[in-house]
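Visitor: Provided herewith is a single structure, encoded as structure tokens, for subsequent inquiry.
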There are 2 protein chains.
Amino acid sequence: MKWKQRTVNCGELRPGNDGKLVILNGWIHSRRDLGGMIFFDIRDRWGITQIVFEPEINAALAEKAKSLRSEFVLWIEGTVRLRENPNPNIPTGLIEIAVGEFGVINKAKLPPFDIADNIDTSEEIKLTHRFLDLRRHSLQKNFIIRNQACQTVHKYFADNDFLEIETPVLMKSTPEGARDFLVPSRINKGKFYALPQSPQIFKQILMIAGFEKYVQIVKCFRDEDLRSDRQPEFTQIDIEMSFVERKDVLSMAEGLMKQLWKDVLGVEIETPFARMSFRDAMTRYGSDKPDLRFGLELASLSDIVADTEFKVFSAVVKSGGEVAALNAKGCADYSRKQIDNLTEFAKKYGAKGLAWIKVKADGIQSPIAKFLSEDELDSIIDATNAKEGDLILISSDKWMRCYTILGALRLEIARQTGIMDRVKGQFSFHWVVDFPLFEKDEETGEFNAMHHPFTTPNDEDIDKLDTAPDKAYARAYDLVVNGAELGGGSIRIHDSNIQRKMFELLGMSAEEADAKFGFLLEALKYGAPPHGGIALGLDRIVMTLAGTANIRDVIAFPKTTSGLSLMDGSPSEVDIEQLKELGLDLLKR
Amino acid sequence: MKWKQRTVNCGELRPGNDGKLVILNGWIHSRRDLGGMIFFDIRDRWGITQIVFEPEINAALAEKAKSLRSEFVLWIEGTVRLRENPNPNIPTGLIEIAVGEFGVINKAKLPPFDIADNIDTSEEIKLTHRFLDLRRHSLQKNFIIRNQACQTVHKYFADNDFLEIETPVLMKSTPEGARDFLVPSRINKGKFYALPQSPQIFKQILMIAGFEKYVQIVKCFRDEDLRSDRQPEFTQIDIEMSFVERKDVLSMAEGLMKQLWKDVLGVEIETPFARMSFRDAMTRYGSDKPDLRFGLELASLSDIVADTEFKVFSAVVKSGGEVAALNAKGCADYSRKQIDNLTEFAKKYGAKGLAWIKVKADGIQSPIAKFLSEDELDSIIDATNAKEGDLILISSDKWMRCYTILGALRLEIARQTGIMDRVKGQFSFHWVVDFPLFEKDEETGEFNAMHHPFTTPNDEDIDKLDTAPDKAYARAYDLVVNGAELGGGSIRIHDSNIQRKMFELLGMSAEEADAKFGFLLEALKYGAPPHGGIALGLDRIVMTLAGTANIRDVIAFPKTTSGLSLMDGSPSEVDIEQLKELGLDLLKR
């Protein structure tokens, strides 16, 4: 089939091109019949240009145009001219093309939904017809941002003498934390590769191999029970450096963020970012990834209520727990029902209940006031800096849970009171540092690595591995913006003996450690340099840049929360012969 | 542990830095004791710098240095000074560091092999200790080249307004040609994802979605019985463009090659590249990826011997086969044994035998001379342009096999006669075009797609799909350099009906086509633009740039030919519980 190639795209013509003969290629975006003329908006990746057919001038051509439908693919030859009714909302809105000749390159069935924003169509239909949904410029914009971000990453690290090195996708299964996706080997029947949850061990091996500065934009995989903001495959900006201290990794990441925000949004962000200890983040904001665009800080009440007559509080403090409060500014007029809803909300985070105190013009109003002394009440109001019109929400629980509940309430109050809307478009970057090395499983009493088993303890805490591992702090750091974790990293263990001790503390037998990580333990013996790095979530970074809360808006072909790709119908059944070749059989139900 | 961070790297000091106090970090590369002094070469990614201990000046320090061993990791503080015995072979060879202070950052076990080139160690030991093998600068160089190549790719396509878009790694299994690697789904038991053999369908979907210009450096996977130059995972530069003709894709790829050779090697290559039809490539060079750095062209003898008394030849011609010859220039003195070896070599490519004619000073010498007339012999010598001292090798077989045999012999003769050595360092790029759309399986008579089922036939051949599909030519193209295929591509089918017909011709029922490719057939109905692209093999490009014939030299963590990663021991057995979760069981043997 013959068709003419574009000489210009649909986003570039301006009044200065008046009178120019041009050819466009693109899709029919919309049609209007007006005053005897037929107008079409033609769309390509770069924009939208109006074309016009005039029956009075060329009746045959206009007649032929009547059969055109939405999403037909056309070539159009015509002359640029100024529009009588300009559209100031689009860059090409001052001109139009008087069509001289055109052809249909391809027809289109009637789409199941309009190529437009805010359409009333189910997510399912849109994902099934992803090739149509992706035609929306508002969605394409995210992939243009994603591409810009990737270009900045490539250039920034090249300028800083890093090497992009590819690590294997087919690797050894060493499940830690999340489940591995497995890949059966046909040549080695009964054996399996795993898809990487991260290239962690391989990037450490690259440091041991002397590459010194490594970066990779890399797909990672986790076979998790999916939540709405998780995908089974996701993309990391993976970074590792040798002969570095924490400050070096942090400033490298800060420089990248500064460059990204500048290149993509034209926004100057201040570096270095503030650093906050894990403990501070929890006690002041109730989160290890606090949103610092607004205050609403928490306050510990444990000292105040340690000896109160009100046993609900004092018993918690005596058993080592915590009592703390959030001042919900200006919420004193919350109804009983609103407070009940907050209590229900808190219960989702493990709260057994929620105490509250309203500070009203006519004094305090609270179901627990009668159990507290005047002094205690005054101290609470003082500690929370509560003023008339405020609502104090109090949680008493184990330390971690107490603050987690209040942290969740803090965000909920910020949403309900409009704070979240007001801070939109602001970016508050900071580091959370000084994490504990381990977290203790409340039920089993076992240690889990707070980051991962390759994170080194603080130098001064190395001895604690033998005496009080739960008191050891890690040289780990998380990068946080607006309450979302953009990434995390650490200085790694570069001593084989300490690495072995870590595995031991995590409940791994020597045999198990050797079977899973023997090659790392061995590699560490041959002159491993001190090294550290960070992994940044590209999907999350692009979401922040694009201003969307939906991860599916920044992934071209996302999966549903049940891991389905609705467009291609994967995962799907395979031939039993194919399984037989792999030495596998389906388990009978 | 305390250590001092480098102020300079091991590759940057020059005589101009004489007298400067510096700190180095690096590995002990080698040691020499000379004239009472102890010299170490210290290595990092950027180079090697000599440090020196002088017992006469600081006895304690020199004593401490005696315990240092190969591959220990050190920090060294000292003063730059000019060497008494300069080493002109390395950039830092004019200076050394008089050590003032140093510390061992990490010790190293004695490595199983020296960190040096041309060591006599098995590939197996090197792959098991890949982290040590990768410390060789000669191997690291390849990854620096690979990184440079990737940076050029990113920049070139960004400059040309392409978007880097990620396609899924977990996709639908649609085995075509090679086998898919499968990934069992835990959430959807009994169902499987596949790893992409290429993002072919997804990049076409991106064109249908209106992205117009797509590029991705992307991992692809093939579960093949491995050959020495194949890896189960490999990397492609994957490109697709909308509203294009063949010329557009070709010139985009040519521009990339030009930029790559310029950026990485500083070599200017001429564009556009020559184009040669598949038929020309086969009949003149016996290969669809001919090495054009040298001549040794083939000659058809079919016309000459069509009616010869020598039935071995004439019968082949009469049955539609081909008789053709290679003039092995200057090989008339090959011994009987050498010619026997060539015959054995030819048999590996399916030859039943090999006829030969030596052109000697005293006339022709050949076992088949007595069966041929004087005229026929003269014509053969004429057709092959044979001179005194030449050896004519003649193959008679089915057309394809006849030329494939001669093409293999052509390369073998070039190796044996030293031509291959002489052309080293030259680059001969060209396109092979005008491929047949199908190849017919000799045994089953079934059609296979010569490239893949998404390749469009020539416009003028569309009707042949109904009448004589084996006569149809494809709008496909391969990029070839020095006898290696760097990549291939085509203009794609953008008409759902033609795509369906292609599947039909390939022996797929309508149901099968719908089950496997229904989403593509559907997408093509909604206004698919004309589009085409190419996939270039990054591993192969880097091999060519680095001048290595071993793919394992350009992949950081390669697998063996049996798909094993010797370093991490993958693939490995997994817990039966893990399989149960996936709804799988191992087949009993």
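Every chain in the structure tokens takes a letter, A first, then B, and so on in the order presented; its residues are numbered from 1, and the ligands are numbered from 1 following the presented order.
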Compile the contact shell of segment 401-417 of chain B as a count of residues only: residues with an atom at most 10 Å away, counting only C-alpha atoms, same-chain residues fewer than 6 positions apart removed.
Guide: 44
Visitor: Find the spatial neighbours of Ile208 of chain B, counting only C-alpha atoms, within a cut-off of 9 Å - ignore same-chain residues fewer than 4 positions away - and output them as an MDAnalysis selection string.
Guide: (chainID A and resid 131:132 135) or (chainID B and resid 203:204 212 242 494 523:524 526:529 531)
Visitor: May I have the residues from that selection written out with C-alpha atoms, as a compact mmCIF listing (two decimals), in the first residue's frame?
Guide:
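Printed below is out_27.txt as written:
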# COMPACT_ATOMS: atom_id res chain seq x y z
CA PHE A 131 -2.61 -0.33 23.45
CA LEU A 132 -5.57 2.06 23.32
CA ARG A 135 -2.65 6.45 23.29
CA LYS B 203 7.32 -3.25 20.77
CA GLN B 204 4.75 -3.64 18.01
CA GLU B 212 6.34 6.03 17.30
CA SER B 242 6.31 3.95 13.11
CA HIS B 494 0.27 -3.93 10.22
CA ALA B 523 -4.63 -4.74 18.52
CA LEU B 524 -3.90 -4.61 14.78
CA TYR B 526 -7.59 -0.56 16.06
CA GLY B 527 -5.54 1.61 13.74
CA ALA B 528 -2.05 0.12 13.60
CA PRO B 529 0.48 2.40 11.90
CA HIS B 531 6.04 0.15 11.45
Visitor: Taking only C-alpha atoms into account and nothing else, which residues of chain A lie no more than 6 Å away from chain B? Please answer as number ranges by chain.
Guide: A: 45, 71-73, 106-109, 131-132, 134-135, 147, 163-164, 171-172, 182-183, 191-193, 209-211, 519, 525-527, 568, 570-573, 583-587
Visitor: Apply DSSP to the backbone of this structure and, from segment 144-331 of chain B, keep only the residues in strand (DSSP E or B); write these as a count of residues only.
Guide: 46
Visitor: Which of segment 145-244 of chain B counts as alpha helix (DSSP H) under DSSP, as a PDB file with N, CA, C and O atoms, in the first residue's frame please?
Guide:
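File out.pdb, as written:
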ATOM      1  N   ILE B 145      34.439  -0.919  27.590  1.00  0.00           N
ATOM      2  CA  ILE B 145      33.937  -0.778  26.213  1.00  0.00           C
ATOM      3  C   ILE B 145      32.429  -0.975  26.176  1.00  0.00           C
ATOM      4  O   ILE B 145      31.688  -0.203  25.557  1.00  0.00           O
ATOM      5  N   ARG B 146      31.963  -1.986  26.878  1.00  0.00           N
ATOM      6  CA  ARG B 146      30.523  -2.267  26.896  1.00  0.00           C
ATOM      7  C   ARG B 146      29.758  -1.080  27.475  1.00  0.00           C
ATOM      8  O   ARG B 146      28.713  -0.685  26.961  1.00  0.00           O
ATOM      9  N   ASN B 147      30.284  -0.510  28.546  1.00  0.00           N
ATOM     10  CA  ASN B 147      29.650   0.663  29.144  1.00  0.00           C
ATOM     11  C   ASN B 147      29.644   1.841  28.168  1.00  0.00           C
ATOM     12  O   ASN B 147      28.616   2.506  27.981  1.00  0.00           O
ATOM     13  N   GLN B 148      30.776   2.073  27.511  1.00  0.00           N
ATOM     14  CA  GLN B 148      30.841   3.163  26.533  1.00  0.00           C
ATOM     15  C   GLN B 148      29.810   2.952  25.433  1.00  0.00           C
ATOM     16  O   GLN B 148      29.121   3.878  25.010  1.00  0.00           O
ATOM     17  N   ALA B 149      29.721   1.708  24.969  1.00  0.00           N
ATOM     18  CA  ALA B 149      28.760   1.391  23.907  1.00  0.00           C
ATOM     19  C   ALA B 149      27.342   1.703  24.376  1.00  0.00           C
ATOM     20  O   ALA B 149      26.553   2.314  23.649  1.00  0.00           O
ATOM     21  N   CYS B 150      27.013   1.306  25.596  1.00  0.00           N
ATOM     22  CA  CYS B 150      25.666   1.563  26.115  1.00  0.00           C
ATOM     23  C   CYS B 150      25.397   3.066  26.227  1.00  0.00           C
ATOM     24  O   CYS B 150      24.308   3.533  25.898  1.00  0.00           O
ATOM     25  N   GLN B 151      26.391   3.814  26.695  1.00  0.00           N
ATOM     26  CA  GLN B 151      26.202   5.266  26.796  1.00  0.00           C
ATOM     27  C   GLN B 151      25.926   5.865  25.420  1.00  0.00           C
ATOM     28  O   GLN B 151      25.085   6.751  25.269  1.00  0.00           O
ATOM     29  N   THR B 152      26.662   5.389  24.413  1.00  0.00           N
ATOM     30  CA  THR B 152      26.432   5.883  23.052  1.00  0.00           C
ATOM     31  C   THR B 152      25.016   5.556  22.588  1.00  0.00           C
ATOM     32  O   THR B 152      24.332   6.396  22.002  1.00  0.00           O
ATOM     33  N   VAL B 153      24.575   4.339  22.872  1.00  0.00           N
ATOM     34  CA  VAL B 153      23.218   3.943  22.481  1.00  0.00           C
ATOM     35  C   VAL B 153      22.195   4.871  23.138  1.00  0.00           C
ATOM     36  O   VAL B 153      21.305   5.415  22.476  1.00  0.00           O
ATOM     37  N   HIS B 154      22.339   5.060  24.443  1.00  0.00           N
ATOM     38  CA  HIS B 154      21.372   5.915  25.142  1.00  0.00           C
ATOM     39  C   HIS B 154      21.332   7.314  24.522  1.00  0.00           C
ATOM     40  O   HIS B 154      20.280   7.860  24.246  1.00  0.00           O
ATOM     41  N   LYS B 155      22.508   7.872  24.306  1.00  0.00           N
ATOM     42  CA  LYS B 155      22.569   9.247  23.837  1.00  0.00           C
ATOM     43  C   LYS B 155      22.075   9.366  22.392  1.00  0.00           C
ATOM     44  O   LYS B 155      21.321  10.273  22.050  1.00  0.00           O
ATOM     45  N   TYR B 156      22.514   8.423  21.561  1.00  0.00           N
ATOM     46  CA  TYR B 156      22.144   8.474  20.138  1.00  0.00           C
ATOM     47  C   TYR B 156      20.625   8.461  19.974  1.00  0.00           C
ATOM     48  O   TYR B 156      20.059   9.260  19.215  1.00  0.00           O
ATOM     49  N   PHE B 157      19.971   7.577  20.700  1.00  0.00           N
ATOM     50  CA  PHE B 157      18.527   7.476  20.514  1.00  0.00           C
ATOM     51  C   PHE B 157      17.779   8.613  21.205  1.00  0.00           C
ATOM     52  O   PHE B 157      16.737   9.047  20.724  1.00  0.00           O
ATOM     53  N   ALA B 158      18.314   9.092  22.321  1.00  0.00           N
ATOM     54  CA  ALA B 158      17.698  10.269  22.948  1.00  0.00           C
ATOM     55  C   ALA B 158      17.794  11.452  21.984  1.00  0.00           C
ATOM     56  O   ALA B 158      16.819  12.180  21.792  1.00  0.00           O
ATOM     57  N   ASP B 159      18.956  11.620  21.362  1.00  0.00           N
ATOM     58  CA  ASP B 159      19.127  12.717  20.401  1.00  0.00           C
ATOM     59  C   ASP B 159      18.171  12.583  19.220  1.00  0.00           C
ATOM     60  O   ASP B 159      17.824  13.572  18.582  1.00  0.00           O
ATOM     61  N   GLN B 200       9.487  -8.537  20.788  1.00  0.00           N
ATOM     62  CA  GLN B 200       8.906  -8.278  19.484  1.00  0.00           C
ATOM     63  C   GLN B 200       7.450  -7.797  19.542  1.00  0.00           C
ATOM     64  O   GLN B 200       7.123  -6.727  19.048  1.00  0.00           O
ATOM     65  N   ILE B 201       6.590  -8.600  20.143  1.00  0.00           N
ATOM     66  CA  ILE B 201       5.166  -8.249  20.112  1.00  0.00           C
ATOM     67  C   ILE B 201       4.907  -6.986  20.923  1.00  0.00           C
ATOM     68  O   ILE B 201       4.122  -6.124  20.525  1.00  0.00           O
ATOM     69  N   PHE B 202       5.599  -6.852  22.047  1.00  0.00           N
ATOM     70  CA  PHE B 202       5.355  -5.675  22.876  1.00  0.00           C
ATOM     71  C   PHE B 202       5.815  -4.393  22.195  1.00  0.00           C
ATOM     72  O   PHE B 202       5.196  -3.350  22.328  1.00  0.00           O
ATOM     73  N   LYS B 203       6.913  -4.486  21.429  1.00  0.00           N
ATOM     74  CA  LYS B 203       7.318  -3.246  20.769  1.00  0.00           C
ATOM     75  C   LYS B 203       6.349  -2.914  19.642  1.00  0.00           C
ATOM     76  O   LYS B 203       6.086  -1.743  19.374  1.00  0.00           O
ATOM     77  N   GLN B 204       5.781  -3.937  19.014  1.00  0.00           N
ATOM     78  CA  GLN B 204       4.753  -3.645  18.009  1.00  0.00           C
ATOM     79  C   GLN B 204       3.517  -3.034  18.669  1.00  0.00           C
ATOM     80  O   GLN B 204       2.915  -2.098  18.142  1.00  0.00           O
ATOM     81  N   ILE B 205       3.168  -3.547  19.846  1.00  0.00           N
ATOM     82  CA  ILE B 205       2.040  -2.977  20.592  1.00  0.00           C
ATOM     83  C   ILE B 205       2.331  -1.505  20.949  1.00  0.00           C
ATOM     84  O   ILE B 205       1.438  -0.651  20.890  1.00  0.00           O
ATOM     85  N   LEU B 206       3.577  -1.221  21.288  1.00  0.00           N
ATOM     86  CA  LEU B 206       3.940   0.176  21.597  1.00  0.00           C
ATOM     87  C   LEU B 206       3.758   1.073  20.378  1.00  0.00           C
ATOM     88  O   LEU B 206       3.407   2.248  20.504  1.00  0.00           O
ATOM     89  N   MET B 207       4.001   0.520  19.181  1.00  0.00           N
ATOM     90  CA  MET B 207       3.763   1.298  17.969  1.00  0.00           C
ATOM     91  C   MET B 207       2.266   1.514  17.787  1.00  0.00           C
ATOM     92  O   MET B 207       1.820   2.615  17.458  1.00  0.00           O
ATOM     93  N   ILE B 208       1.487   0.471  18.016  1.00  0.00           N
ATOM     94  CA  ILE B 208       0.032   0.597  17.903  1.00  0.00           C
ATOM     95  C   ILE B 208      -0.472   1.604  18.940  1.00  0.00           C
ATOM     96  O   ILE B 208      -1.440   2.327  18.722  1.00  0.00           O
TER      97      ILE B 208
END
Visitor: List the neighbours of Trp261 of chain B out to 12 Å using only C-alpha atoms; skip same-chain residues closer than 5 positions along the sequence, and give me the result as a ChimeraX atom specification.
Guide: /B:145,148-149,152-153,254-256,266-271,426-427,429,541-542,544-546
Visitor: Deliver the residues from the most recent selection as a file, using C-alpha atoms, as a PDB file, in the first residue's frame.
Guide:
ATOM      1  CA  ILE B 145      33.937  -0.778  26.213  1.00  0.00           C
ATOM      2  CA  GLN B 148      30.841   3.163  26.533  1.00  0.00           C
ATOM      3  CA  ALA B 149      28.760   1.391  23.907  1.00  0.00           C
ATOM      4  CA  THR B 152      26.432   5.883  23.052  1.00  0.00           C
ATOM      5  CA  VAL B 153      23.218   3.943  22.481  1.00  0.00           C
ATOM      6  CA  GLU B 254      23.862   2.907  10.282  1.00  0.00           C
ATOM      7  CA  GLY B 255      24.055   6.148  12.231  1.00  0.00           C
ATOM      8  CA  LEU B 256      24.263   4.174  15.466  1.00  0.00           C
ATOM      9  CA  GLY B 266      37.834   6.424  17.321  1.00  0.00           C
ATOM     10  CA  VAL B 267      37.289   4.777  13.945  1.00  0.00           C
ATOM     11  CA  GLU B 268      35.332   6.479  11.167  1.00  0.00           C
ATOM     12  CA  ILE B 269      33.238   3.972   9.261  1.00  0.00           C
ATOM     13  CA  GLU B 270      31.641   4.789   5.944  1.00  0.00           C
ATOM     14  CA  THR B 271      27.880   4.967   5.680  1.00  0.00           C
ATOM     15  CA  GLN B 426      39.262  -4.165   9.457  1.00  0.00           C
ATOM     16  CA  PHE B 427      35.512  -3.721   9.619  1.00  0.00           C
ATOM     17  CA  PHE B 429      29.675  -3.613   7.357  1.00  0.00           C
ATOM     18  CA  ILE B 541      28.635  -5.660  18.941  1.00  0.00           C
ATOM     19  CA  VAL B 542      30.819  -5.437  22.045  1.00  0.00           C
ATOM     20  CA  THR B 544      33.447  -6.913  17.642  1.00  0.00           C
ATOM     21  CA  LEU B 545      34.494  -3.652  19.299  1.00  0.00           C
ATOM     22  CA  ALA B 546      36.665  -5.479  21.848  1.00  0.00           C
TER      23      ALA B 546
END
Visitor: Please indicate the distance in Å from atom CA of Glu56 of chain A to atom CA of Ala98 of chain A, rounded to one decimal place.
Guide: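 Atom-to-atom, atom CA of Glu56 of chain A to atom CA of Ala98 of chain A, that is 12.4 Å.
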Visitor: Could you please determine the separation between atom CA of Leu21 of chain A and atom CA of Thr49 of chain A in Å, to one decimal place?
Guide: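 Those two atoms sit 14.2 Å apart.
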Visitor: Just want the 8 Å neighbourhood of Ser373 of chain A, counted on only C-alpha atoms, with same-chain residues fewer than 4 positions away dropped. Output as a list in words.
Guide: Thr308, Ala369 and Leu377 of chain A
Visitor: For N, CA, C and O atoms, I'd like the residues from the last selection saved as a PDB file, in the first residue's frame.
Guide:
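Heads up, here's the output in part.pdb:
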ATOM      1  N   THR A 308       0.652   7.225  86.685  1.00  0.00           N
ATOM      2  CA  THR A 308      -0.727   7.691  86.827  1.00  0.00           C
ATOM      3  C   THR A 308      -1.610   6.597  87.435  1.00  0.00           C
ATOM      4  O   THR A 308      -1.319   5.395  87.342  1.00  0.00           O
ATOM      5  N   ALA A 369     -10.623  11.810  81.014  1.00  0.00           N
ATOM      6  CA  ALA A 369     -10.222  12.934  81.857  1.00  0.00           C
ATOM      7  C   ALA A 369     -10.390  12.598  83.334  1.00  0.00           C
ATOM      8  O   ALA A 369      -9.553  12.955  84.178  1.00  0.00           O
ATOM      9  N   LEU A 377      -3.132  16.112  83.130  1.00  0.00           N
ATOM     10  CA  LEU A 377      -3.812  16.689  81.965  1.00  0.00           C
ATOM     11  C   LEU A 377      -3.064  17.919  81.458  1.00  0.00           C
ATOM     12  O   LEU A 377      -2.853  18.082  80.250  1.00  0.00           O
TER      13      LEU A 377
END
Visitor: What's the separation between atom CA of Lys358 of chain B and atom CA of Ala332 of chain B, in Å to one decimal place?
Guide: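 Those two atoms sit 5.1 Å apart.
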Visitor: Determine the nearest neighbour of Ala484 of chain B from the options B:Asp33, B:Asp114, B:Asp539, B:Asp434, counting only C-alpha atoms.
Guide: B:Asp539
Visitor: Write out as a list in words the residues lying within 12 Å of Ile364 of chain A, counting only C-alpha atoms and excluding same-chain residues fewer than 6 positions away.
Guide: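 Neighbouring residues, sequence-local ones excluded: Ala332, Trp356, Ile357, Lys358, Lys370, Leu372, Glu374, Leu377, Asp378, Ile380, Ile381, Ala386, Lys387, Glu388, Gly389, Asp390, Leu391 and Ile392 of chain A.
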